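Report on one structure; see the data block that follows.
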There are 2 protein chains.
Amino acid sequence: MFEPLGYAPAYLRVSEVIRTRILRRELPEGERLPTETELARQFEVNRSTVREALRKLESNGLLGRRRGGKRLYVTRPTRETIGGGLSQAFALHRARVVDVWEALQAVQPGIAAAAAERRSPKALAQLEATALRFAARQGERELAVGDVAGFFDALGEAGANPVFTLLNEPLLRLLKPSLAVIIDRVPQARSRIESAQKEIVAAVKARDPKSAAEWMTRHVRDFRRGYEVAGIPLSTEVGEDLNAAVSGLS
Amino acid sequence: MFEPLGYAPAYLRVSEVIRTRILRRELPEGERLPTETELARQFEVNRSTVREALRKLESNGLLGRRRGGKRLYVTRPTRETIGGGLSQAFALHRARVVDVWEALQAVQPGIAAAAAERRSPKALAQLEATALRFAARQGERELAVGDVAGFFDALGEAGANPVFTLLNEPLLRLLKPSLAVIIDRVPQARSRIESAQKEIVAAVKARDPKSAAEWMTRHVRDFRRGYEVAGIPLSTEVGEDLNAAVSGLS
DNA sequence: GAGTATTTTATTGTCCGACAATCAGACAAG
DNA sequence: CTTGTCTGATTGTCGGACAATAAAATACTC
C-alpha cells in the first residue's frame, strides 16, 4: 500500500553523485580525482565516508589507479573487470557448461559476421596472427587455450562493436578450463580448431559474413563434440572443479 | 624483467577472502554475515577497514541487505545489479544503438530457439501473459515499453539458461529509451510488435525452435526499420539524450 | 642545462575511540 | 493476538591520529 520511503546513507549518496558525474562525462576518463580530504571537505562528510564511497566506485571499475600509484583516476570498466564480474555471477547462478556453450553458439556467429562486414586491414592482420600463433603452438596446453580465446577476442575486436567485445570476455573466461581439458584429452582437437580458424579467417578476409557465420557455427558445434569425447558432462557447473567432473578415463 | 611484487592493502585482502568464501559456497546464499565488529576481531583489522571491504562486495552484488534491514546477507548478483553495471559499461564505451541492436540480433534468435526447446508449461503461460498484456495496452508509452522488455525477459526465462537471462537484461535496458521513441513516432509499431510476439509465442508453444528463431530474427530486424522511420540515427550513442538525437520531425 | 640524487610535502591506509539512530527482540498491557 | 514500551546490539558517521610512501620540489652533478 505504501512505498518504503527509502533513506540512503551518505556513502551511497556520495558514490552516486560521483558516478553520475562520470557517466555524463563531466569527469572525463583519465581525470585525476581530488584527494579524499578534499572530497570530504566538498561533500561535508567525514573522510571515512568518502572512502567507503570510493571503494564502491573502484570495484565498479569507474575509478582505478595507475600502476602502483596513490591517487585515483577516472576510468571505464575494462574487459577484465567486466569479465570477472560477469563470470563470477554466472558461476553463482550455477550456469553449466552447456549453458555457456549455448550462449556461445548464439552469439559467435553474429560476431563473426560483423567482423567479416567491417574488419579493418589492421584487425584482419591481428586475427591472422592469432590464428597462426595457435597453429604454430605445440604442447603448452595453457598457452594454446589462451590462443583460442585470443582468436575469439580478435574477432570481437574486428567487429568494432563494444557490446560484442565486452560480452565475449566472460564467456571465454568460463570456457577456458573446460577447453584445456578438451585439448588435453581429444587428440584431433587442435587440428579441428586450426582448420576452423583458417576457414573463418578466410571468410573474414573475403568480407563474406554469411560464410563466416556458418563456419563459426560449425566451430562452436565442434566444441560440444569435444565435451562429449573428452568425457566432460554437459551439466557440469562452470567454476566447478573439472578434474572432479570428467569421467575417469585414466 | 621483473613483475611488481604486488602488495595489497588490507581492505582488499579482506574482501578477497570473503569473496572466495562466497564463490566456493562456504558462505551459502542467504547466510547472515557476522557483525562488522566481529569480522574486525576475526581478521584482526579495524572496523573501518572491514567496512571498506564490505562496500566492495556490496556493490559487486555479493552482499545485500533485506529490505530496510541492517545486517548484511550473502546474495548473488541479481539481474538488475548486472544489468546496471553492464549497461553503464556499454555507455562508457560509447556503444551506439546500432551496436546494441546488432547484439540483440545475434543473441535473441538463439534465446528464442532455446525457449522453444525447453519451455515449461509455466514459462509458456508467463510468456503468453506478457504478450497479451502488451496487446491489451493502450497509450501509456512507458508501460508498453516495459511490456516489450518483459516479453524478452520471459523468453530468456523460458530458455532456462542463466547466461541468457543475465545477458538479456543490460541489452534491454539500453534499448528501452529508443524503443519508447519508436512507439511514440511510428504508428504501426505496436501492431507489428504484437503480431511478431504472437508468432513467436506460437512457435514456442509448438516447440519449434527453428520457427521461433526465424520470427525473432524478423522481429529484431523490424526494430531497425523502426529506428529509421522514427528518425533515430543508428549512430546515436546509447545513454545519450535521444530527444537531442532524433531528427526534428516536430 | 639535462639528468640524477635528496629532501619535503601531500596523500593514502590503517587505527582508535566515540556517539546517535535504529533495528531486533523481549516483555508488558490492553 | 495485537499494540505499546523497553533494552541491547549494530550500523552509520564523526573526529583525530600516525606510519608508509607516492609525488613534488629542491639541490647536485656532469
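Please note that chains go A, B, ... in the order of the C-alpha cells, that every chain numbers its residues from 1, and that ligands are numbered from 1 in the order shown.
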For this session: Assign secondary structure with DSSP using the backbone only, and return the residues of stretch 13-65 of chain A in helix (DSSP H, G or I) as an MDAnalysis selection string.
Result: chainID A and resid 13:23 36:43 47:59
Problem set entry | Interface, chain A side, toward chain C (10 Å; only C-alpha atoms (C1' of nucleotides)) as a list in words | Thr35, Glu36, Thr37, Lys70 and Arg71 of chain A
Keeping only N, CA and C atoms, write the selected residues to a file as a compact mmCIF listing (two decimals), in the first residue's frame.
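That gives us part-v1.txt:
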# COMPACT_ATOMS: atom_id res chain seq x y z
N THR A 35 41.67 14.73 -3.88
CA THR A 35 42.09 13.87 -2.78
C THR A 35 40.91 13.58 -1.86
N GLU A 36 41.05 12.55 -1.07
CA GLU A 36 39.97 12.15 -0.17
C GLU A 36 39.61 13.29 0.77
N THR A 37 40.62 13.94 1.29
CA THR A 37 40.36 15.04 2.22
C THR A 37 39.55 16.15 1.52
N LYS A 70 49.05 6.28 -6.20
CA LYS A 70 48.32 6.55 -4.97
C LYS A 70 46.96 7.17 -5.30
N ARG A 71 46.98 8.16 -6.13
CA ARG A 71 45.74 8.87 -6.44
C ARG A 71 44.83 8.04 -7.35
For this session: Give the strand (DSSP E or B) residues of stretch 62-238 of chain A, as DSSP finds them on the backbone, and put them as number ranges by chain.
Result: A: 63-64, 73-74, 96, 237
Problem set entry | Exercise answer, chain B residues close to chain A, 6 Å and only C-alpha atoms, as a list in words | Glu52, Arg55, Lys56, Ser59, Pro77, Ala89, Ala95, Asp99, Ala106, Val107, Gly110, Asn161 and Pro162 of chain B
Filtering to N, CA and C atoms, could you give me those residues as a PDB file, in the first residue's frame?
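Listed below is the output, result.pdb:
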ATOM      1  N   GLU B  52      35.220  -0.950   4.494  1.00  0.00           N
ATOM      2  CA  GLU B  52      35.629  -0.711   3.106  1.00  0.00           C
ATOM      3  C   GLU B  52      35.534  -1.992   2.283  1.00  0.00           C
ATOM      4  N   ARG B  55      31.898  -2.705   1.478  1.00  0.00           N
ATOM      5  CA  ARG B  55      31.334  -1.866   0.423  1.00  0.00           C
ATOM      6  C   ARG B  55      31.644  -2.441  -0.951  1.00  0.00           C
ATOM      7  N   LYS B  56      32.843  -2.974  -1.121  1.00  0.00           N
ATOM      8  CA  LYS B  56      33.211  -3.559  -2.408  1.00  0.00           C
ATOM      9  C   LYS B  56      32.289  -4.736  -2.728  1.00  0.00           C
ATOM     10  N   SER B  59      28.775  -3.709  -3.641  1.00  0.00           N
ATOM     11  CA  SER B  59      28.479  -3.202  -4.977  1.00  0.00           C
ATOM     12  C   SER B  59      28.764  -4.242  -6.047  1.00  0.00           C
ATOM     13  N   PRO B  77      24.492 -11.852  -7.414  1.00  0.00           N
ATOM     14  CA  PRO B  77      24.140 -10.675  -8.198  1.00  0.00           C
ATOM     15  C   PRO B  77      22.811 -10.881  -8.907  1.00  0.00           C
ATOM     16  N   ALA B  89      28.634   0.218 -18.336  1.00  0.00           N
ATOM     17  CA  ALA B  89      29.902  -0.001 -19.028  1.00  0.00           C
ATOM     18  C   ALA B  89      29.749   0.225 -20.530  1.00  0.00           C
ATOM     19  N   ALA B  95      28.961   2.762 -26.779  1.00  0.00           N
ATOM     20  CA  ALA B  95      28.200   1.878 -27.656  1.00  0.00           C
ATOM     21  C   ALA B  95      27.078   2.679 -28.301  1.00  0.00           C
ATOM     22  N   ASP B  99      25.030  -0.802 -32.322  1.00  0.00           N
ATOM     23  CA  ASP B  99      25.804  -1.868 -31.693  1.00  0.00           C
ATOM     24  C   ASP B  99      24.908  -2.747 -30.831  1.00  0.00           C
ATOM     25  N   ALA B 106      22.058 -10.821 -32.781  1.00  0.00           N
ATOM     26  CA  ALA B 106      22.859 -12.039 -32.672  1.00  0.00           C
ATOM     27  C   ALA B 106      22.298 -12.975 -31.619  1.00  0.00           C
ATOM     28  N   VAL B 107      21.857 -12.410 -30.522  1.00  0.00           N
ATOM     29  CA  VAL B 107      21.594 -13.266 -29.375  1.00  0.00           C
ATOM     30  C   VAL B 107      20.138 -13.716 -29.263  1.00  0.00           C
ATOM     31  N   GLY B 110      18.811 -17.110 -30.859  1.00  0.00           N
ATOM     32  CA  GLY B 110      19.267 -18.252 -30.066  1.00  0.00           C
ATOM     33  C   GLY B 110      18.426 -18.431 -28.821  1.00  0.00           C
ATOM     34  N   ASN B 161      18.226 -20.819 -19.129  1.00  0.00           N
ATOM     35  CA  ASN B 161      19.672 -20.704 -19.237  1.00  0.00           C
ATOM     36  C   ASN B 161      20.094 -19.403 -18.564  1.00  0.00           C
ATOM     37  N   PRO B 162      20.716 -19.511 -17.404  1.00  0.00           N
ATOM     38  CA  PRO B 162      21.055 -18.302 -16.653  1.00  0.00           C
ATOM     39  C   PRO B 162      21.927 -17.331 -17.445  1.00  0.00           C
TER      40      PRO B 162
END
For this session: Find the residues of chain D in contact range of chain A, meaning any atom within 9 Å when counting only C-alpha atoms (C1' of nucleotides), and list them as a ChimeraX atom specification.
Result: /D:12-15,21-23
Convert the current residue selection to file output with N, CA and C atoms (P, O5', C5', C4', C3', O3' and C1' of nucleotides), as a compact mmCIF listing (two decimals), in the first residue's frame.
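File produced: again.txt:
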# COMPACT_ATOMS: atom_id res chain seq x y z
P DG D 12 25.44 0.58 7.52
O5' DG D 12 25.54 2.09 8.04
C5' DG D 12 24.37 2.87 8.07
C4' DG D 12 24.70 4.26 8.56
C3' DG D 12 25.76 4.99 7.73
O3' DG D 12 25.31 6.31 7.50
C1' DG D 12 26.39 4.95 10.01
P DT D 13 26.14 7.26 6.52
O5' DT D 13 27.07 8.06 7.52
C5' DT D 13 26.45 8.97 8.42
C4' DT D 13 27.45 9.43 9.44
C3' DT D 13 28.74 10.01 8.86
O3' DT D 13 28.61 11.43 8.84
C1' DT D 13 29.07 8.74 10.87
P DC D 14 29.83 12.34 8.38
O5' DC D 14 30.64 12.52 9.74
C5' DC D 14 29.98 13.07 10.88
C4' DC D 14 30.89 12.98 12.08
C3' DC D 14 32.27 13.58 11.86
O3' DC D 14 32.35 14.86 12.46
C1' DC D 14 32.35 11.50 13.07
P DG D 15 33.39 15.88 11.84
O5' DG D 15 34.64 15.78 12.83
C5' DG D 15 34.44 15.91 14.22
C4' DG D 15 35.64 15.33 14.93
C3' DG D 15 36.97 15.76 14.33
O3' DG D 15 37.60 16.71 15.18
C1' DG D 15 36.91 13.40 14.80
P DT D 21 56.18 1.45 2.72
O5' DT D 21 55.83 2.57 1.65
C5' DT D 21 54.48 2.70 1.21
C4' DT D 21 54.34 3.96 0.38
C3' DT D 21 55.53 4.23 -0.56
O3' DT D 21 55.03 4.74 -1.77
C1' DT D 21 55.06 6.12 0.66
P DA D 22 55.16 3.89 -3.14
O5' DA D 22 54.36 4.81 -4.16
C5' DA D 22 53.01 5.11 -3.88
C4' DA D 22 52.70 6.56 -4.18
C3' DA D 22 53.25 7.08 -5.50
O3' DA D 22 52.21 7.84 -6.10
C1' DA D 22 53.99 8.46 -3.73
P DA D 23 52.33 8.53 -7.51
O5' DA D 23 52.72 10.04 -7.15
C5' DA D 23 51.90 10.75 -6.23
C4' DA D 23 52.33 12.18 -6.14
C3' DA D 23 52.87 12.79 -7.44
O3' DA D 23 52.29 14.08 -7.56
C1' DA D 23 54.50 13.00 -5.72
Exercise. So which one's closest to A:Gly231, A:Glu169, A:Asp208, A:Glu199, A:Asp184? Using only C-alpha atoms, please.
Worked result: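 Closest to A:Gly231 of all the choices is A:Asp184.
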What's the 10 Å shell around B:Val201, counting only C-alpha atoms (C1' of nucleotides), without same-chain residues fewer than 3 positions away, as a PDB file with C-alpha atoms, in the first residue's frame?
ATOM      1  CA  ALA B 112      14.036 -17.907 -28.778  1.00  0.00           C
ATOM      2  CA  ALA B 115      12.907 -21.257 -25.192  1.00  0.00           C
ATOM      3  CA  ALA B 116      11.082 -23.276 -27.827  1.00  0.00           C
ATOM      4  CA  LEU B 124       4.888 -20.638 -21.611  1.00  0.00           C
ATOM      5  CA  ALA B 125       1.925 -19.312 -19.688  1.00  0.00           C
ATOM      6  CA  LEU B 127       5.168 -15.657 -21.944  1.00  0.00           C
ATOM      7  CA  GLU B 128       1.633 -15.699 -23.273  1.00  0.00           C
ATOM      8  CA  ALA B 131       2.287 -10.884 -24.913  1.00  0.00           C
ATOM      9  CA  PHE B 151       8.452 -10.295 -23.300  1.00  0.00           C
ATOM     10  CA  LEU B 155      11.569 -15.632 -23.255  1.00  0.00           C
ATOM     11  CA  SER B 195       1.994  -9.822 -34.380  1.00  0.00           C
ATOM     12  CA  ALA B 196       5.649 -10.775 -34.095  1.00  0.00           C
ATOM     13  CA  GLN B 197       5.139 -11.681 -30.463  1.00  0.00           C
ATOM     14  CA  LYS B 198       2.136 -13.750 -31.416  1.00  0.00           C
ATOM     15  CA  VAL B 204       7.493 -21.630 -28.608  1.00  0.00           C
ATOM     16  CA  LYS B 205       4.229 -23.294 -27.791  1.00  0.00           C
ATOM     17  CA  ALA B 206       4.689 -25.713 -30.681  1.00  0.00           C
ATOM     18  CA  ARG B 207       8.245 -26.402 -29.526  1.00  0.00           C
ATOM     19  CA  ALA B 212      10.921 -19.300 -33.194  1.00  0.00           C
ATOM     20  CA  TRP B 215      10.348 -14.977 -36.317  1.00  0.00           C
TER      21      TRP B 215
END
For this session: Provide the atom CA of A:Val238 to atom CA of A:Ser178 distance in Å, to one decimal place.
Result: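 Separating atom CA of A:Val238 from atom CA of A:Ser178 is a distance of 8.5 Å.
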For this session: Compile the contact shell of B:Ala123 as a PyMOL selection string: residues with an atom at most 8 Å away, counting only C-alpha atoms (C1' of nucleotides), same-chain residues fewer than 3 positions apart removed.
Result: chain B and resi 119-120+126-127+154+157-158
